[in-house]
Amino acid sequence: MKHNIIFIEGLPGSGKSTFAKMLRDHYESLGYKVVQYDEKDLNPIDFTWCAILTREEYHELLVMYPQIKESIKKNTKEHNQHFIVAYTKVEGIHANIFQQQMNEKEISSINNIEEFKQFYLDIWNAFSYRYKSDTIYIFESVFLQNHINALLLKYDFLQKQITFYFQDLIRQLSVCKPVVFYIQEDDVELMLKRHTEERETSHKGQGSHWVDTTIKHLESYPLFVQKGYTGLQGAIQYFKERQMIELNVLNYIGTYKYIFKLNGKYDQVFEEMKKIEFE
């Protein structure tokens, strides 16, 4: 198998989730074993949208939230003496209160960049020993997006520092033969508008909520505001600049990558993805 890992990357609204599911179905129809992880899933190489707890903290939570204890357990795994909880997946009574509390325990709360980086190097390296060579793993948003927001808006990295970071990260999985499928959008503002409208119709009027939540998340980083980004226009400008940085990173990571121009042509892009040979 030429590639065991596919990273689906691109800006919010670029269709990453849709393409990930379509690729999973496509490869399964060809007889491959496929494991797909969505952005907020409890997966082996990304703990974004997860709370990192000590054993004591974890067991205290089970006592504190008896009504959702089973849901918490279902969405938890143990890692190096810590408990990793995919808290956005927890459902039931008081789940909203629980999620607000867990937000403060995310990996993004780590202030030391070396500790943050080493944490990821360790789990990526560990996966390189556990992956199955006869399986295709599809990961959405766990290579570039979930790291680069922290590097840009929390640790204030420059382009060269960001590139070095990703070179070190991808090196941990070289044995797994990873490939990056990057979805590029020329008109970022139009893409965000289109995605908002799509969510209005397909997610019961959640388009405006999605935009507000995205802006609120970005503004939670002090550097986002300090750099002069504010509101919707600030988010648009940030995403334009982030896409340029991500494309630059892809030029230097030393692994296979394919860049697909979207511009609203989802079916065409998927046909191009299907042409990538895996043998």
# chains A, B, ... in the order shown; residues from 1 in each chain; ligands from 1
>>> residues_around(residues="Lys160 (chain A)", least_positions_apart="6", cutoff="12 Å", atoms="only C-alpha atoms", output="ChimeraX atom specification")
/A:151-152,166-167,245-246,248-249,252-253
>>> select_by_dssp(residues="region 59-102 of chain A", states="strand (DSSP E)", output="ChimeraX atom specification")
/A:76-79,82-85
>>> closest_residue(among="A:Leu121, A:Ile113, A:Val142, A:Val225", to="Lys40 (chain A)", atoms="only C-alpha atoms")
A:Val142
>>> select_by_dssp(residues="region 125-258 of chain A", states="alpha helix (DSSP H)", output="JSON, numbers by chain")
{"A": [125, 126, 127, 128, 129, 130, 145, 146, 147, 148, 149, 150, 151, 152, 153, 159, 160, 161, 162, 163, 164, 165, 166, 167, 168, 169, 170, 171, 188, 189, 190, 191, 192, 193, 194, 195, 196, 197, 198, 199, 200, 201, 202, 207, 208, 209, 210, 211, 212, 213, 214, 215, 216, 217, 218, 219, 222, 223, 224, 225, 226, 231, 232, 233, 234, 235, 236, 237, 238, 239, 240, 241, 242, 243, 244, 245, 246, 247, 248, 249, 250]}
>>> closest_residue(among="A:Glu9, A:Asp46, A:Glu185, A:Asp212", to="Lys265 (chain A)", atoms="only C-alpha atoms")
A:Glu185
>>> residues_around(residues="Ser220 (chain A)", least_positions_apart="4", cutoff="12 Å", atoms="only C-alpha atoms", output="list of chain:residue names")
A:Asn103, A:Glu104, A:Ser108, A:Ser109, A:Asn149, A:Ala150, A:Leu153, A:Lys154, A:Thr213, A:Thr214, A:Ile215, A:Lys216, A:Phe224, A:Val225, A:Gln226, A:Tyr229, A:Thr230, A:Gly231
>>> atom_distance(atom1="CA of Lys33 (chain A)", atom2="CA of Tyr137 (chain A)")
8.7 Å
>>> closest_residue(among="A:His209, A:Arg55, A:His94, A:Lys193", to="Ile68 (chain A)", atoms="only C-alpha atoms")
A:His94
>>> residues_around(residues="Cys50 (chain A)", least_positions_apart="4", cutoff="12 Å", atoms="only C-alpha atoms", output="VMD selection string")
chain A and resid 39 to 46 72 75 to 77 82 to 90 99 to 109 146
>>> residues_around(residues="region 59-61 of chain A", least_positions_apart="5", cutoff="9 Å", atoms="only C-alpha atoms", output="mmCIF file with C-alpha atoms, in the first residue's frame")
data_model
loop_
_atom_site.group_PDB
_atom_site.id
_atom_site.type_symbol
_atom_site.label_atom_id
_atom_site.label_comp_id
_atom_site.auth_asym_id
_atom_site.auth_seq_id
_atom_site.Cartn_x
_atom_site.Cartn_y
_atom_site.Cartn_z
ATOM 1 C CA THR A 54 -5.118 13.319 35.923
ATOM 2 C CA PRO A 66 -23.361 10.602 37.788
ATOM 3 C CA LYS A 69 -20.928 9.010 33.810
ATOM 4 C CA ILE A 72 -17.958 10.221 29.867
ATOM 5 C CA PHE A 98 -19.583 19.605 31.865
#
